[in-house]
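Everything below belongs to run.txt, which stores compact mmCIF, C-alpha atoms.
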```txt
# COMPACT_ATOMS: atom_id res chain seq x y z
CA MET A 267 -23.26 119.72 19.52
CA SER A 268 -27.01 119.37 19.34
CA LYS A 269 -28.84 116.59 21.02
CA LYS A 270 -30.13 115.26 17.68
CA PHE A 271 -26.62 115.12 16.23
CA SER A 272 -25.36 113.20 19.27
CA VAL A 273 -28.12 110.67 18.95
CA LEU A 274 -27.29 110.22 15.24
CA ILE A 275 -23.62 109.63 15.95
CA LEU A 276 -24.46 107.07 18.67
CA THR A 277 -26.88 105.28 16.35
CA ILE A 278 -24.22 104.98 13.62
CA ILE A 279 -21.65 103.58 16.10
CA MET A 280 -24.11 100.97 17.38
CA ALA A 281 -24.97 99.94 13.84
CA VAL A 282 -21.30 99.42 13.00
CA LEU A 283 -20.76 97.34 16.15
CA VAL A 284 -23.81 95.16 15.46
CA ALA A 285 -22.71 94.59 11.85
CA ALA A 286 -19.22 93.57 12.98
CA CYS A 287 -20.60 91.12 15.52
CA GLY A 288 -22.98 89.68 12.94
CA ALA A 289 -20.14 89.15 10.48
CA GLY A 290 -18.07 87.39 13.13
CA ASN A 291 -20.93 85.11 14.07
CA SER A 292 -21.61 84.39 10.42
CA ASN A 293 -18.01 83.28 9.83
CA ASN A 294 -18.01 81.03 12.87
CA THR A 295 -21.27 79.38 11.86
CA ASN A 296 -20.31 78.70 8.25
CA THR A 297 -16.68 77.58 8.74
CA ALA A 298 -16.93 75.28 11.72
CA PRO A 299 -19.47 72.82 10.29
CA ALA A 300 -17.62 72.71 6.97
CA ASN A 301 -14.35 71.81 8.66
CA SER A 302 -16.12 69.32 10.88
CA THR A 303 -17.74 67.60 7.89
CA ALA A 304 -14.43 67.36 6.03
CA GLY A 305 -12.71 66.00 9.11
CA ALA A 306 -15.41 63.40 9.60
CA ALA A 307 -15.17 62.40 5.96
CA ALA A 308 -11.40 62.09 6.25
CA GLU A 309 -11.73 60.04 9.40
CA ASN A 310 -14.31 57.79 7.77
CA THR A 311 -12.08 57.30 4.73
CA ALA A 312 -9.06 56.52 6.87
CA SER A 313 -10.91 54.09 9.11
CA ASN A 314 -13.09 52.42 6.49
CA ALA A 315 -10.47 51.73 3.78
CA PRO A 316 -8.34 49.25 5.76
CA ALA A 317 -11.47 47.66 7.21
CA ASP A 318 -12.92 47.15 3.74
CA GLU A 319 -9.66 45.69 2.50
CA ALA A 320 -9.41 43.40 5.52
CA ALA A 321 -12.96 42.24 4.91
CA GLN A 322 -12.02 41.02 1.44
CA PRO A 323 -10.75 37.37 1.72
CA ALA A 324 -7.40 36.73 0.04
CA GLU A 325 -7.85 34.61 -3.07
CA THR A 326 -6.28 31.16 -2.83
CA GLU A 327 -4.09 30.42 -5.83
CA GLU A 328 -5.17 27.31 -7.71
CA LEU A 329 -3.03 25.11 -9.95
CA THR A 330 -4.07 22.64 -12.62
CA ILE A 331 -2.08 19.43 -12.27
CA THR A 332 -2.04 17.06 -15.25
CA HIS A 333 -1.47 13.41 -14.32
CA GLN A 334 -2.23 9.87 -15.44
CA TYR A 335 -5.96 10.18 -14.71
CA GLY A 336 -6.55 13.67 -16.11
CA ASP A 337 -6.41 17.28 -14.91
CA THR A 338 -7.04 18.18 -11.28
CA LYS A 339 -7.43 21.58 -9.65
CA VAL A 340 -5.16 21.85 -6.60
CA LYS A 341 -4.85 24.68 -4.08
CA LYS A 342 -1.39 26.20 -3.75
CA ASN A 343 0.11 25.27 -0.36
CA PRO A 344 -2.71 22.89 0.68
CA LYS A 345 -3.01 22.49 4.45
CA LYS A 346 -4.60 19.05 4.85
CA VAL A 347 -2.68 16.54 2.77
CA VAL A 348 -3.17 12.77 2.60
CA VAL A 349 -0.28 10.82 1.04
CA PHE A 350 -0.45 7.17 -0.06
CA ASP A 351 2.91 7.00 -1.85
CA PHE A 352 5.93 6.56 0.44
CA GLY A 353 8.28 8.04 -2.16
CA VAL A 354 6.21 11.22 -2.20
CA LEU A 355 6.05 11.10 1.59
CA ASP A 356 9.83 10.93 1.93
CA SER A 357 10.12 13.83 -0.53
CA LEU A 358 7.73 16.01 1.46
CA ASP A 359 9.60 15.04 4.62
CA LYS A 360 12.87 16.12 2.99
CA LEU A 361 11.27 19.42 1.95
CA GLY A 362 9.86 20.09 5.41
CA VAL A 363 6.20 19.85 4.36
CA GLU A 364 3.79 18.51 6.97
CA VAL A 365 1.09 16.01 6.04
CA THR A 366 -2.17 15.07 7.76
CA GLY A 367 -2.76 11.43 6.91
CA VAL A 368 -0.76 8.39 5.77
CA PRO A 369 -1.35 4.62 5.51
CA GLN A 370 0.42 3.53 8.67
CA ALA A 371 0.73 -0.17 7.84
CA ASN A 372 4.21 -1.16 6.61
CA ILE A 373 5.69 2.31 6.91
CA PRO A 374 9.41 2.06 6.05
CA PRO A 375 11.65 2.36 9.13
CA TYR A 376 13.26 5.55 7.85
CA LEU A 377 9.79 7.15 7.85
CA GLU A 378 8.69 5.68 11.17
CA LYS A 379 7.84 9.09 12.65
CA TYR A 380 4.67 8.96 10.52
CA ALA A 381 3.41 6.03 12.58
CA ASP A 382 2.82 8.50 15.41
CA ALA A 383 -0.76 9.17 16.52
CA LYS A 384 -0.42 12.82 15.48
CA TYR A 385 -0.91 11.59 11.90
CA GLU A 386 -4.24 10.18 10.77
CA ASN A 387 -4.13 6.52 9.75
CA VAL A 388 -5.92 6.43 6.39
CA GLY A 389 -5.85 2.67 5.84
CA SER A 390 -3.36 0.56 3.93
CA LEU A 391 -1.63 0.98 0.58
CA LYS A 392 -4.27 -1.11 -1.17
CA GLU A 393 -7.28 -0.44 1.04
CA PRO A 394 -7.84 3.26 1.79
CA ASP A 395 -10.06 4.10 4.75
CA PHE A 396 -12.61 6.22 2.91
CA GLU A 397 -14.54 7.11 6.06
CA ARG A 398 -11.45 8.42 7.83
CA ILE A 399 -10.34 10.34 4.76
CA SER A 400 -13.79 11.90 4.42
CA ALA A 401 -13.63 13.08 8.04
CA ILE A 402 -10.29 14.79 7.35
CA GLN A 403 -11.78 16.78 4.44
CA PRO A 404 -8.39 16.87 2.71
CA ASP A 405 -7.26 19.66 0.40
CA LEU A 406 -5.08 17.17 -1.49
CA ILE A 407 -4.74 13.39 -1.81
CA ILE A 408 -1.65 11.95 -3.52
CA ILE A 409 -1.69 8.38 -4.81
CA SER A 410 0.37 6.02 -6.97
CA GLY A 411 -0.10 2.62 -8.63
CA ARG A 412 -1.34 0.64 -5.64
CA GLN A 413 -4.33 2.99 -5.21
CA GLY A 414 -5.21 3.32 -8.90
CA GLU A 415 -8.50 1.47 -8.60
CA ALA A 416 -9.61 3.80 -5.80
CA TYR A 417 -8.96 7.00 -7.75
CA GLU A 418 -12.59 7.80 -8.59
CA GLU A 419 -13.79 7.27 -5.03
CA LEU A 420 -10.90 9.25 -3.54
CA SER A 421 -11.57 12.11 -5.97
CA LYS A 422 -14.99 12.56 -4.38
CA LEU A 423 -13.28 13.25 -1.04
CA GLY A 424 -10.70 15.79 -2.18
CA SER A 425 -8.45 16.89 -5.05
CA THR A 426 -6.62 13.68 -5.98
CA ILE A 427 -3.51 13.39 -8.15
CA PHE A 428 -1.47 10.41 -9.32
CA MET A 429 2.28 10.66 -8.73
CA GLY A 430 3.60 7.19 -9.49
CA VAL A 431 6.92 6.78 -11.30
CA ASP A 432 6.91 5.56 -14.90
CA ALA A 433 9.51 2.75 -15.06
CA ASN A 434 10.00 3.34 -18.80
CA ARG A 435 11.24 6.86 -18.10
CA TYR A 436 12.16 6.63 -14.47
CA MET A 437 14.32 9.69 -13.93
CA GLU A 438 12.20 11.92 -16.15
CA SER A 439 8.97 11.06 -14.34
CA PHE A 440 10.72 11.23 -10.96
CA GLU A 441 11.97 14.74 -11.73
CA GLU A 442 8.55 15.80 -13.05
CA ASN A 443 6.90 14.58 -9.86
CA MET A 444 9.38 16.43 -7.68
CA LYS A 445 8.94 19.66 -9.63
CA THR A 446 5.18 19.31 -9.29
CA LEU A 447 5.57 18.99 -5.52
CA GLY A 448 7.81 22.05 -5.56
CA GLU A 449 5.18 24.02 -7.44
CA ILE A 450 2.31 22.94 -5.20
CA PHE A 451 4.12 23.65 -1.93
CA GLY A 452 6.26 26.63 -2.97
CA LYS A 453 9.50 24.64 -2.72
CA GLU A 454 10.80 25.09 -6.26
CA ALA A 455 14.31 26.20 -5.26
CA GLU A 456 14.75 23.37 -2.75
CA VAL A 457 13.60 20.79 -5.29
CA GLU A 458 16.01 22.08 -7.94
CA GLN A 459 18.88 21.84 -5.46
CA GLU A 460 18.00 18.27 -4.45
CA LEU A 461 17.56 17.14 -8.06
CA ALA A 462 20.91 18.61 -9.05
CA ALA A 463 22.63 16.55 -6.33
CA VAL A 464 20.84 13.36 -7.43
CA GLU A 465 21.67 13.96 -11.09
CA GLN A 466 25.36 14.38 -10.30
CA ALA A 467 25.42 11.20 -8.21
CA VAL A 468 23.67 9.28 -11.01
CA ALA A 469 26.14 10.57 -13.60
CA ASP A 470 29.08 9.44 -11.46
CA LEU A 471 27.53 6.00 -10.89
CA LYS A 472 26.70 5.50 -14.55
CA ALA A 473 30.24 6.30 -15.63
CA LYS A 474 31.65 3.71 -13.21
CA ALA A 475 29.09 1.03 -14.08
CA GLU A 476 29.63 1.38 -17.82
CA ALA A 477 33.40 1.39 -17.40
CA SER A 478 33.23 -1.83 -15.36
CA GLY A 479 31.66 -3.76 -18.23
CA LYS A 480 29.80 -5.91 -15.70
CA LYS A 481 26.48 -7.56 -16.56
CA ALA A 482 23.78 -7.70 -13.93
CA LEU A 483 20.60 -9.56 -13.09
CA ILE A 484 17.91 -8.16 -10.77
CA ILE A 485 15.65 -10.58 -8.93
CA LEU A 486 12.83 -10.39 -6.41
CA ALA A 487 12.66 -13.24 -3.89
CA GLN A 488 9.45 -14.18 -2.10
CA ASP A 489 8.34 -17.34 -0.31
CA GLY A 490 10.82 -19.56 -2.14
CA ASN A 491 10.00 -18.08 -5.55
CA ILE A 492 12.21 -15.90 -7.75
CA SER A 493 11.23 -13.33 -10.37
CA ALA A 494 13.58 -11.50 -12.71
CA TYR A 495 13.33 -7.82 -13.72
CA GLY A 496 15.07 -6.32 -16.73
CA PRO A 497 15.27 -3.00 -18.57
CA GLY A 498 12.05 -0.96 -18.47
CA SER A 499 10.77 -2.80 -15.38
CA ARG A 500 9.99 -1.42 -11.92
CA PHE A 501 13.61 -2.04 -10.89
CA GLY A 502 15.07 -1.45 -14.35
CA ILE A 503 16.64 1.82 -13.22
CA ILE A 504 19.77 -0.24 -12.50
CA HIS A 505 20.08 -0.90 -16.23
CA ASP A 506 18.33 2.08 -17.79
CA VAL A 507 19.79 4.82 -15.61
CA PHE A 508 22.63 3.50 -13.48
CA GLY A 509 24.50 1.92 -16.39
CA PHE A 510 24.70 -1.81 -15.62
CA GLU A 511 24.27 -3.92 -18.76
CA ALA A 512 21.47 -6.48 -18.47
CA VAL A 513 22.64 -10.09 -18.58
CA ASP A 514 19.35 -10.83 -20.38
CA PRO A 515 17.80 -7.86 -22.24
CA GLU A 516 14.77 -9.98 -23.22
CA ILE A 517 13.27 -10.37 -19.74
CA LYS A 518 9.51 -9.88 -19.90
CA VAL A 519 8.42 -6.53 -18.48
CA ASP A 520 5.67 -7.19 -15.95
CA THR A 521 4.66 -5.74 -12.60
CA HIS A 522 5.42 -9.05 -10.93
CA GLY A 523 8.49 -9.80 -13.02
CA GLN A 524 9.32 -12.91 -15.01
CA SER A 525 9.26 -16.12 -13.02
CA ILE A 526 12.67 -17.85 -13.18
CA SER A 527 14.58 -20.76 -11.63
CA SER A 528 18.05 -21.23 -10.22
CA GLU A 529 18.95 -22.95 -13.49
CA TYR A 530 18.11 -19.74 -15.33
CA ILE A 531 20.52 -17.77 -13.11
CA VAL A 532 23.26 -20.33 -13.75
CA GLU A 533 22.60 -20.21 -17.49
CA LYS A 534 22.81 -16.41 -17.65
CA ASN A 535 25.75 -16.36 -15.22
CA PRO A 536 25.63 -12.67 -14.22
CA ASP A 537 28.64 -10.77 -12.87
CA TYR A 538 26.37 -8.99 -10.41
CA LEU A 539 23.20 -10.36 -8.84
CA PHE A 540 20.94 -7.79 -7.17
CA VAL A 541 18.32 -9.28 -4.83
CA ILE A 542 15.22 -7.61 -3.39
CA ASP A 543 13.63 -9.45 -0.49
CA ARG A 544 9.89 -8.75 -0.61
CA ALA A 545 9.13 -10.52 2.66
CA ALA A 546 11.56 -8.22 4.48
CA ALA A 547 9.72 -5.22 3.03
CA VAL A 548 6.21 -6.24 4.10
CA GLY A 549 7.05 -7.59 7.54
CA GLY A 550 7.23 -11.27 6.65
CA GLU A 551 9.94 -13.79 7.46
CA SER A 552 12.99 -13.20 5.33
CA SER A 553 14.10 -16.28 3.40
CA ALA A 554 15.73 -14.70 0.35
CA LYS A 555 19.27 -15.76 1.18
CA GLN A 556 18.27 -19.40 1.59
CA THR A 557 16.26 -19.29 -1.62
CA VAL A 558 18.91 -17.58 -3.74
CA GLU A 559 22.23 -18.91 -2.50
CA ASN A 560 21.76 -22.60 -3.20
CA GLU A 561 24.41 -24.93 -4.57
CA LEU A 562 23.56 -24.11 -8.17
CA VAL A 563 23.73 -20.33 -7.82
CA LYS A 564 27.00 -20.62 -5.91
CA THR A 565 28.65 -21.67 -9.17
CA THR A 566 27.94 -18.32 -10.86
CA LYS A 567 30.46 -15.51 -11.28
CA ALA A 568 28.35 -13.30 -9.03
CA ALA A 569 28.58 -15.76 -6.15
CA GLN A 570 32.23 -16.65 -6.62
CA GLU A 571 33.30 -13.00 -6.82
CA GLY A 572 31.19 -11.91 -3.87
CA HIS A 573 28.83 -9.90 -6.00
CA ILE A 574 25.44 -11.02 -4.69
CA PHE A 575 23.90 -7.92 -3.15
CA TYR A 576 20.70 -7.75 -1.07
CA LEU A 577 19.21 -4.32 -1.68
CA ASN A 578 17.28 -2.38 0.95
CA PRO A 579 13.65 -3.33 0.23
CA ASN A 580 12.35 -0.24 1.99
CA TYR A 581 13.76 1.94 -0.78
CA TRP A 582 13.41 -0.47 -3.68
CA TYR A 583 10.06 -2.12 -2.97
CA LEU A 584 8.11 0.29 -0.74
CA SER A 585 9.16 3.84 -1.49
CA GLY A 586 11.05 4.32 -4.73
CA GLY A 587 10.72 7.60 -6.56
CA GLY A 588 11.37 9.91 -3.61
CA LEU A 589 14.09 12.47 -2.98
CA ILE A 590 15.44 10.33 -0.13
CA SER A 591 14.81 6.89 -1.61
CA VAL A 592 16.32 7.61 -5.04
CA SER A 593 19.38 9.18 -3.45
CA GLU A 594 19.82 6.12 -1.22
CA MET A 595 19.30 3.75 -4.16
CA VAL A 596 22.10 5.48 -6.05
CA LYS A 597 24.41 5.26 -3.03
CA GLU A 598 23.61 1.57 -2.51
CA ILE A 599 24.40 0.58 -6.09
CA ALA A 600 27.48 2.82 -6.21
CA ALA A 601 28.83 1.05 -3.10
CA THR A 602 28.82 -2.28 -4.97
CA LEU A 603 31.43 -0.92 -7.40
CA GLU A 604 33.88 0.21 -4.73
```

Mind turning this structure into structure tokens?
Amino acid sequence: MSKKFSVLILTIIMAVLVAACGAGNSNNTNTAPANSTAGAAAENTASNAPADEAAQPAETEELTITHQYGDTKVKKNPKKVVVFDFGVLDSLDKLGVEVTGVPQANIPPYLEKYADAKYENVGSLKEPDFERISAIQPDLIIISGRQGEAYEELSKLGSTIFMGVDANRYMESFEENMKTLGEIFGKEAEVEQELAAVEQAVADLKAKAEASGKKALIILAQDGNISAYGPGSRFGIIHDVFGFEAVDPEIKVDTHGQSISSEYIVEKNPDYLFVIDRAAAVGGESSAKQTVENELVKTTKAAQEGHIFYLNPNYWYLSGGGLISVSEMVKEIAATLE
């Protein structure tokens, strides 16, 4: 083999080897960065997506509640709640809903846990402490009749709704209020269960009361004075819902009742006399028994048959319209027929 041919062969071999190495290097250079970029993009997508989602605040559901004073926007499941109505308070207690502030004066004994310092004292039933309420920055304020005049001022401090009971349609408005609470606090099922139990108890009581044929008179005693309440009044549930016939269907419907005398009671001569002692409800000295059971009233059928009943003023005067109070009111009246 000639020297020139050998050099040619060697040159060809070297060229092939260089080309092969170049191709290998070219593949390594082009592929690695591409894979690296894709991996980085995948990593960025995986890490950024949850972070972006987490950064987005969850929207708070808002309800529109229609009540006596208009329409009010209310957050679903409000955290800071101020309650001025003891019937609503006992309902929230029954449903296991915590509240922030209550009027701690004259809290009914069965709700005495709310007198604890862990709850903000927001004034009295008729005189809200606006400064204290403002400091709470409540999500929701619930009022009833006694706070009606303060509605506008309270509305400036937080979403405020009226949840008083309409005496002309007691059970209907009571049930509407309870369903509203269920909707606001996500307790719809619990409310339906409680209402079903109350409705059954009311139906049983009404059947017994109507079958008895007894006529009743409802009176409020305070400081030696007596007022009568008939159908459609604040205590008219005894007639309108529970089934007792009114001994006088013409009693004037008024917040404070119709002023009467012992002679009036004797004239009407009720079979049942239901007495609510206001002084006992507001912490005063109870004198209802002395006022009511005088020599004149003792001549009535109610007195002679042992049918003068002193109702629990905590339920009847302070906190009617609640899941607990209405249930206890039904039980109390039903017991008088046993």

Can you pull out the residues contacting segment 579-588 of chain A? Cut-off 9 Å, using all atoms listed in the file, and skip same-chain residues under 4 positions away; I want them as number ranges by chain. A: 351-358, 372-376, 430-431, 436-437, 439-441, 443-444, 500-501, 542-548, 592-595

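Ranking A:Val519, A:Val558, A:Ile427, A:Leu447 by their shortest atom-to-atom distance to Gln488 of chain A, with all atoms listed in the file included, puts A:Val558 first.
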
Report the distance between atom CA of Lys480 of chain A and atom CA of Ala568 of chain A in Å, rounded to one decimal place.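 These two atoms are separated by 10.1 Å.
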
Looking at A:Ile450, A:Leu539, A:Leu589, A:Ala416, which one is nearest to Glu328 of chain A, with distances taken over all atoms listed in the file?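 Looking only at the distances to Glu328 of chain A, the closest residue turns out to be A:Ile450.
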
Please provide the set of residues having any atom within 8 Å of segment 332-349 of chain A, restricted to only C-alpha atoms, with same-chain residues fewer than 4 positions apart removed, written as a short mmCIF file (atom, residue, chain, number, x, y, z; two decimals) with C-alpha atoms, keeping the file's coordinate frame.
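So result_9.cif came out as:
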```
data_model
loop_
_atom_site.label_atom_id
_atom_site.label_comp_id
_atom_site.auth_asym_id
_atom_site.auth_seq_id
_atom_site.Cartn_x
_atom_site.Cartn_y
_atom_site.Cartn_z
CA THR A 326 -6.28 31.16 -2.83
CA GLU A 327 -4.09 30.42 -5.83
CA GLU A 328 -5.17 27.31 -7.71
CA VAL A 354 6.21 11.22 -2.20
CA LEU A 355 6.05 11.10 1.59
CA GLU A 364 3.79 18.51 6.97
CA VAL A 365 1.09 16.01 6.04
CA THR A 366 -2.17 15.07 7.76
CA GLY A 367 -2.76 11.43 6.91
CA VAL A 368 -0.76 8.39 5.77
CA PRO A 369 -1.35 4.62 5.51
CA VAL A 388 -5.92 6.43 6.39
CA ILE A 399 -10.34 10.34 4.76
CA ILE A 402 -10.29 14.79 7.35
CA GLN A 403 -11.78 16.78 4.44
CA PRO A 404 -8.39 16.87 2.71
CA ASP A 405 -7.26 19.66 0.40
CA LEU A 406 -5.08 17.17 -1.49
CA ILE A 407 -4.74 13.39 -1.81
CA ILE A 408 -1.65 11.95 -3.52
CA ILE A 409 -1.69 8.38 -4.81
CA SER A 425 -8.45 16.89 -5.05
CA THR A 426 -6.62 13.68 -5.98
CA ILE A 427 -3.51 13.39 -8.15
CA PHE A 428 -1.47 10.41 -9.32
CA MET A 429 2.28 10.66 -8.73
CA GLU A 449 5.18 24.02 -7.44
CA ILE A 450 2.31 22.94 -5.20
CA PHE A 451 4.12 23.65 -1.93
CA GLY A 452 6.26 26.63 -2.97
#
```

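Residue neighbourhood of Glu415 of chain A, excluding near-sequence residues (fewer than 5 positions): A:Lys392, A:Glu393, A:Leu420, at 10 Å, using all atoms listed in the file.
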
So for segment 583-594 of chain A, what box centre and size do we get, axis-aligned, 6 Å extra on each of the six sides, every listed atom, Å to one decimal, as lines of an AutoDock Vina configuration file?
```
center_x = 14.0
center_y = 5.2
center_z = -3.3
size_x = 23.7
size_y = 26.6
size_z = 18.4
```
